Amino acid sequence: MFSPEGKEFTDKVLKHIKFPYDRNAVRQELEEHMEDICDDLTEKGYGREEAERLSVQYMGDADEIGRELNKAHNPILGWIWYISRLAAIIAAAFLITTAGVRGFSYMKAYFGNGYEDYKNGELLYSADSGYETLIYDMHLKIDGVRYYDDGTLELRYKTWKSLFSDSIDWTFNLNGEFLTDENGNKYYFSTGNSNGNKVCHSQLFFEDFPQDVKTIIIDTDVNGQNIHCEIPVPEVNNK
Amino acid sequence: MKLFSMLNRMNRKKQTAIFLIIIAAAIGWKTSPYNREYSSPEAVLYACEKGLRYGPSEKIEYVRKNGNKAVAIGRVKGGLSIIPSERKWYGRWILAGGGIPGYVQVENNAEYDFGDNIIVGVCTYDEIKSVEVVLGVYDEKSDNGVKEVEKYKADVAQDGFFIIENIPERDTTDDSVFDIHVVGFEGFDENGNSVYSTSVYKTEVYWES
């Protein structure tokens, strides 16, 4: 849209701009400036061609302007800005994705049902525990027990660490003689599973568990820390 | 959107500063303990102990760095905590892949663990001032099923700790290659008398006085 003189002027200025990603912006700025001068001159009665020619003259020495603009658009700072901007976009995407994925997986695992349904028997009773403790930086929550008509008792518990835990992840398993009843009888689980998620749901199955047990006691020691939890079995289900 | 327009109105220096902060945050997070990357093999050891729910080690007995691999050994509850680690190309340390010895409990006056070309152990029996470790390979032709390859001796520190380094892990004396095992372990008092020994071909750990 500008005269060949105007284009020549801007090209001459832009040759001095060493940071290439600023050249378009500088060109636009120069053209707008010349356009403003040109409009002023036209309003004052100059013809379009004359106004365009004069506006280029009024701009001054192209080389001097170019050198000054190159200082203002420092190429070193420009490149640092450009590269850091790209890296910051990638970094921000990484942070947002990581936070999002972690947050979502925690929420899903914590609030969702991470336990598998027992398929070999009908549920006769279930009892919640609500017992929760902290072992080092790991939360342990014993959700409760479920008893099935094939004589199997299922113990459900979950473990998780805080989002900002700095320790290395290892799964936690309740092992050994940790489950007794109110009479001190000991029971050993035969099978079990853990889903291994950030909030790890674990199920242990005790076969041939008597139906008339009134209280299920979980008592164990994890490196000096006692875990003790008593789960009363609903009376109605003992009939 | 308001944030972006604010950012756009800033000059280039301020924008660059903000970009650098974002980059630093991402790098910081990626290489932080929250992402299971640590500053040293000792830090890996402490993080692993916490994750395994024992310790922390009362003191670090030994750290060996060998290229990008390292092993840190801590003293915990009368036993040892042995955690191997490996270094990432940018200098951060992570837990080494594969199995780890973890907590090595001393149950019978002396205990040792063998791996990564070292034998480390701890003696809780005060009389033991030095130990001898016999390395061997399983050999069906031998009477007791093992063939001795080499013996190593080491002094026991005041706190019971001992270490033998530069142990071969494979025997290549014959044409075949065999994994080396500890086939005998003996503890001596200050007069050089054997006061404790155990071996893989004896089922019981026994005492000698």
# chains A, B, ... in the order shown; residues from 1 in each chain; ligands from 1

$ residues_around --residues "region 11-26 of chain B" --least-positions-apart "5" --cutoff "8 Å" --atoms "only C-alpha atoms" --output "list in words"
Leu77, Gly78, Ile80, Trp81, Ser84, Arg85, Ala87, Ala88, Ala91, Ala92, Phe94 and Leu95 of chain A

$ write_last_selection --atoms "N, CA and C atoms" --output "PDB file, in the first residue's frame"
ATOM      1  N   LEU A  77      18.801 -10.240  24.174  1.00  0.00           N
ATOM      2  CA  LEU A  77      17.608 -10.331  25.034  1.00  0.00           C
ATOM      3  C   LEU A  77      16.449 -10.960  24.250  1.00  0.00           C
ATOM      4  N   GLY A  78      16.394 -10.600  22.965  1.00  0.00           N
ATOM      5  CA  GLY A  78      15.326 -11.140  22.122  1.00  0.00           C
ATOM      6  C   GLY A  78      15.373 -12.654  22.032  1.00  0.00           C
ATOM      7  N   ILE A  80      16.921 -14.677  24.107  1.00  0.00           N
ATOM      8  CA  ILE A  80      16.656 -15.248  25.447  1.00  0.00           C
ATOM      9  C   ILE A  80      15.149 -15.280  25.700  1.00  0.00           C
ATOM     10  N   TRP A  81      14.521 -14.158  25.362  1.00  0.00           N
ATOM     11  CA  TRP A  81      13.067 -14.067  25.550  1.00  0.00           C
ATOM     12  C   TRP A  81      12.343 -15.131  24.720  1.00  0.00           C
ATOM     13  N   SER A  84      13.185 -18.682  26.002  1.00  0.00           N
ATOM     14  CA  SER A  84      12.588 -18.908  27.329  1.00  0.00           C
ATOM     15  C   SER A  84      11.055 -18.996  27.217  1.00  0.00           C
ATOM     16  N   ARG A  85      10.512 -18.247  26.255  1.00  0.00           N
ATOM     17  CA  ARG A  85       9.055 -18.309  26.076  1.00  0.00           C
ATOM     18  C   ARG A  85       8.631 -19.702  25.612  1.00  0.00           C
ATOM     19  N   ALA A  87      10.337 -22.491  26.010  1.00  0.00           N
ATOM     20  CA  ALA A  87      10.590 -23.436  27.106  1.00  0.00           C
ATOM     21  C   ALA A  87       9.536 -23.290  28.197  1.00  0.00           C
ATOM     22  N   ALA A  88       9.113 -22.051  28.453  1.00  0.00           N
ATOM     23  CA  ALA A  88       8.107 -21.826  29.500  1.00  0.00           C
ATOM     24  C   ALA A  88       6.766 -22.442  29.112  1.00  0.00           C
ATOM     25  N   ALA A  91       7.228 -26.039  29.759  1.00  0.00           N
ATOM     26  CA  ALA A  91       7.291 -26.250  31.212  1.00  0.00           C
ATOM     27  C   ALA A  91       5.907 -26.122  31.833  1.00  0.00           C
ATOM     28  N   ALA A  92       5.176 -25.095  31.400  1.00  0.00           N
ATOM     29  CA  ALA A  92       3.830 -24.888  31.954  1.00  0.00           C
ATOM     30  C   ALA A  92       2.925 -26.060  31.598  1.00  0.00           C
ATOM     31  N   PHE A  94       3.886 -29.096  31.032  1.00  0.00           N
ATOM     32  CA  PHE A  94       4.333 -30.232  31.858  1.00  0.00           C
ATOM     33  C   PHE A  94       3.755 -30.132  33.278  1.00  0.00           C
ATOM     34  N   LEU A  95       3.861 -28.910  33.853  1.00  0.00           N
ATOM     35  CA  LEU A  95       3.376 -28.737  35.231  1.00  0.00           C
ATOM     36  C   LEU A  95       1.865 -28.963  35.318  1.00  0.00           C
TER      37      LEU A  95
END

$ interface_residues --of "chain A" --to "chain B" --cutoff "10 Å" --atoms "only C-alpha atoms" --output "number ranges by chain"
A: 73, 77-78, 80-96, 98, 135-138, 161-172, 222-225

$ closest_residue --among "A:Trp160, A:Tyr58, A:Phe209, A:Tyr188" --to "Tyr110 (chain A)" --atoms "only C-alpha atoms"
A:Trp160

$ atom_distance --atom1 "CA of Glu32 (chain A)" --atom2 "CA of Met1 (chain B)"
27.4 Å

$ closest_residue --among "A:Glu29, A:Glu8, A:Glu230, A:Glu122" --to "Thr180 (chain A)" --atoms "only C-alpha atoms"
A:Glu230

$ select_by_dssp --residues "region 15-187 of chain B" --states "strand (DSSP E or B)" --output "ChimeraX atom specification"
/B:38,59-66,69-76,79-87,93-95,102-104,110-115,118-123,130-138,146-155,161-164,170-171,178-179,181-187

$ atom_distance --atom1 "CA of Phe205 (chain A)" --atom2 "CA of Tyr106 (chain A)"
25.6 Å

$ residues_around --residues "Asp126 (chain B)" --least-positions-apart "5" --cutoff "9 Å" --atoms "only C-alpha atoms" --output "PyMOL selection string"
chain B and resi 109+158-160+189

$ write_last_selection --atoms "N, CA and C atoms" --output "PDB file, in the first residue's frame"
ATOM      1  N   ASN B 109      24.339 -62.816  65.639  1.00  0.00           N
ATOM      2  CA  ASN B 109      25.641 -62.254  66.008  1.00  0.00           C
ATOM      3  C   ASN B 109      26.420 -61.617  64.869  1.00  0.00           C
ATOM      4  N   GLN B 158      34.782 -50.731  65.439  1.00  0.00           N
ATOM      5  CA  GLN B 158      34.285 -50.785  66.825  1.00  0.00           C
ATOM      6  C   GLN B 158      32.774 -50.962  66.907  1.00  0.00           C
ATOM      7  N   ASP B 159      32.086 -50.397  65.940  1.00  0.00           N
ATOM      8  CA  ASP B 159      30.621 -50.523  65.969  1.00  0.00           C
ATOM      9  C   ASP B 159      30.147 -51.804  65.287  1.00  0.00           C
ATOM     10  N   GLY B 160      31.095 -52.682  64.916  1.00  0.00           N
ATOM     11  CA  GLY B 160      30.723 -53.978  64.354  1.00  0.00           C
ATOM     12  C   GLY B 160      30.667 -54.025  62.849  1.00  0.00           C
ATOM     13  N   ASP B 189      38.423 -63.529  67.177  1.00  0.00           N
ATOM     14  CA  ASP B 189      38.665 -62.565  68.252  1.00  0.00           C
ATOM     15  C   ASP B 189      40.019 -61.890  68.045  1.00  0.00           C
TER      16      ASP B 189
END

$ decode --residues "region 57-90 of chain A" --atoms "N, CA and C atoms" --output "mmCIF file, in the first residue's frame"
data_model
loop_
_atom_site.group_PDB
_atom_site.id
_atom_site.type_symbol
_atom_site.label_atom_id
_atom_site.label_comp_id
_atom_site.auth_asym_id
_atom_site.auth_seq_id
_atom_site.Cartn_x
_atom_site.Cartn_y
_atom_site.Cartn_z
ATOM 1 N N GLN A 57 10.606 11.186 3.970
ATOM 2 C CA GLN A 57 11.670 12.156 4.285
ATOM 3 C C GLN A 57 11.629 12.560 5.757
ATOM 4 N N TYR A 58 10.407 12.792 6.250
ATOM 5 C CA TYR A 58 10.244 13.213 7.648
ATOM 6 C C TYR A 58 10.705 12.134 8.643
ATOM 7 N N MET A 59 10.694 10.923 8.187
ATOM 8 C CA MET A 59 11.102 9.817 9.085
ATOM 9 C C MET A 59 12.581 9.937 9.470
ATOM 10 N N GLY A 60 13.389 10.490 8.616
ATOM 11 C CA GLY A 60 14.811 10.684 8.918
ATOM 12 C C GLY A 60 15.679 9.644 8.239
ATOM 13 N N ASP A 61 16.901 9.503 8.789
ATOM 14 C CA ASP A 61 17.893 8.602 8.181
ATOM 15 C C ASP A 61 17.591 7.136 8.549
ATOM 16 N N ALA A 62 17.384 6.327 7.528
ATOM 17 C CA ALA A 62 16.975 4.928 7.761
ATOM 18 C C ALA A 62 18.037 4.137 8.534
ATOM 19 N N ASP A 63 19.295 4.356 8.199
ATOM 20 C CA ASP A 63 20.368 3.603 8.878
ATOM 21 C C ASP A 63 20.450 3.957 10.359
ATOM 22 N N GLU A 64 20.329 5.251 10.621
ATOM 23 C CA GLU A 64 20.397 5.685 12.034
ATOM 24 C C GLU A 64 19.206 5.131 12.835
ATOM 25 N N ILE A 65 18.042 5.222 12.226
ATOM 26 C CA ILE A 65 16.841 4.683 12.901
ATOM 27 C C ILE A 65 16.999 3.172 13.116
ATOM 28 N N GLY A 66 17.520 2.522 12.079
ATOM 29 C CA GLY A 66 17.728 1.065 12.162
ATOM 30 C C GLY A 66 18.654 0.698 13.309
ATOM 31 N N ARG A 67 19.743 1.442 13.427
ATOM 32 C CA ARG A 67 20.705 1.143 14.509
ATOM 33 C C ARG A 67 20.063 1.362 15.876
ATOM 34 N N GLU A 68 19.322 2.448 16.005
ATOM 35 C CA GLU A 68 18.662 2.741 17.282
ATOM 36 C C GLU A 68 17.608 1.674 17.622
ATOM 37 N N LEU A 69 16.860 1.317 16.589
ATOM 38 C CA LEU A 69 15.823 0.290 16.833
ATOM 39 C C LEU A 69 16.440 -1.067 17.179
ATOM 40 N N ASN A 70 17.593 -1.353 16.588
ATOM 41 C CA ASN A 70 18.275 -2.616 16.904
ATOM 42 C C ASN A 70 18.718 -2.635 18.369
ATOM 43 N N LYS A 71 19.140 -1.434 18.848
ATOM 44 C CA LYS A 71 19.510 -1.367 20.273
ATOM 45 C C LYS A 71 18.277 -1.614 21.143
ATOM 46 N N ALA A 72 17.172 -0.996 20.743
ATOM 47 C CA ALA A 72 15.935 -1.153 21.529
ATOM 48 C C ALA A 72 15.439 -2.606 21.486
ATOM 49 N N HIS A 73 15.601 -3.215 20.327
ATOM 50 C CA HIS A 73 15.176 -4.620 20.177
ATOM 51 C C HIS A 73 16.417 -5.514 20.276
ATOM 52 N N ASN A 74 17.064 -5.430 21.410
ATOM 53 C CA ASN A 74 18.329 -6.151 21.648
ATOM 54 C C ASN A 74 18.225 -7.620 21.224
ATOM 55 N N PRO A 75 19.040 -8.038 20.263
ATOM 56 C CA PRO A 75 18.901 -9.420 19.767
ATOM 57 C C PRO A 75 19.227 -10.481 20.817
ATOM 58 N N ILE A 76 20.166 -10.170 21.727
ATOM 59 C CA ILE A 76 20.514 -11.170 22.764
ATOM 60 C C ILE A 76 19.323 -11.376 23.691
ATOM 61 N N LEU A 77 18.801 -10.240 24.174
ATOM 62 C CA LEU A 77 17.608 -10.331 25.034
ATOM 63 C C LEU A 77 16.449 -10.960 24.250
ATOM 64 N N GLY A 78 16.394 -10.600 22.965
ATOM 65 C CA GLY A 78 15.326 -11.140 22.122
ATOM 66 C C GLY A 78 15.373 -12.654 22.032
ATOM 67 N N TRP A 79 16.561 -13.155 21.775
ATOM 68 C CA TRP A 79 16.689 -14.613 21.678
ATOM 69 C C TRP A 79 16.422 -15.286 23.025
ATOM 70 N N ILE A 80 16.921 -14.677 24.107
ATOM 71 C CA ILE A 80 16.656 -15.248 25.447
ATOM 72 C C ILE A 80 15.149 -15.280 25.700
ATOM 73 N N TRP A 81 14.521 -14.158 25.362
ATOM 74 C CA TRP A 81 13.067 -14.067 25.550
ATOM 75 C C TRP A 81 12.343 -15.131 24.720
ATOM 76 N N TYR A 82 12.768 -15.250 23.465
ATOM 77 C CA TYR A 82 12.091 -16.165 22.542
ATOM 78 C C TYR A 82 12.244 -17.623 23.007
ATOM 79 N N ILE A 83 13.474 -17.993 23.323
ATOM 80 C CA ILE A 83 13.723 -19.387 23.738
ATOM 81 C C ILE A 83 13.058 -19.666 25.087
ATOM 82 N N SER A 84 13.185 -18.682 26.002
ATOM 83 C CA SER A 84 12.588 -18.908 27.329
ATOM 84 C C SER A 84 11.055 -18.996 27.217
ATOM 85 N N ARG A 85 10.512 -18.247 26.255
ATOM 86 C CA ARG A 85 9.055 -18.309 26.076
ATOM 87 C C ARG A 85 8.631 -19.702 25.612
ATOM 88 N N LEU A 86 9.353 -20.244 24.640
ATOM 89 C CA LEU A 86 9.050 -21.598 24.165
ATOM 90 C C LEU A 86 9.198 -22.624 25.289
ATOM 91 N N ALA A 87 10.337 -22.491 26.010
ATOM 92 C CA ALA A 87 10.590 -23.436 27.106
ATOM 93 C C ALA A 87 9.536 -23.290 28.197
ATOM 94 N N ALA A 88 9.113 -22.051 28.453
ATOM 95 C CA ALA A 88 8.107 -21.826 29.500
ATOM 96 C C ALA A 88 6.766 -22.442 29.112
ATOM 97 N N ILE A 89 6.455 -22.395 27.815
ATOM 98 C CA ILE A 89 5.192 -23.015 27.361
ATOM 99 C C ILE A 89 5.247 -24.522 27.616
ATOM 100 N N ILE A 90 6.392 -25.127 27.252
ATOM 101 C CA ILE A 90 6.551 -26.580 27.479
ATOM 102 C C ILE A 90 6.518 -26.873 28.978
#
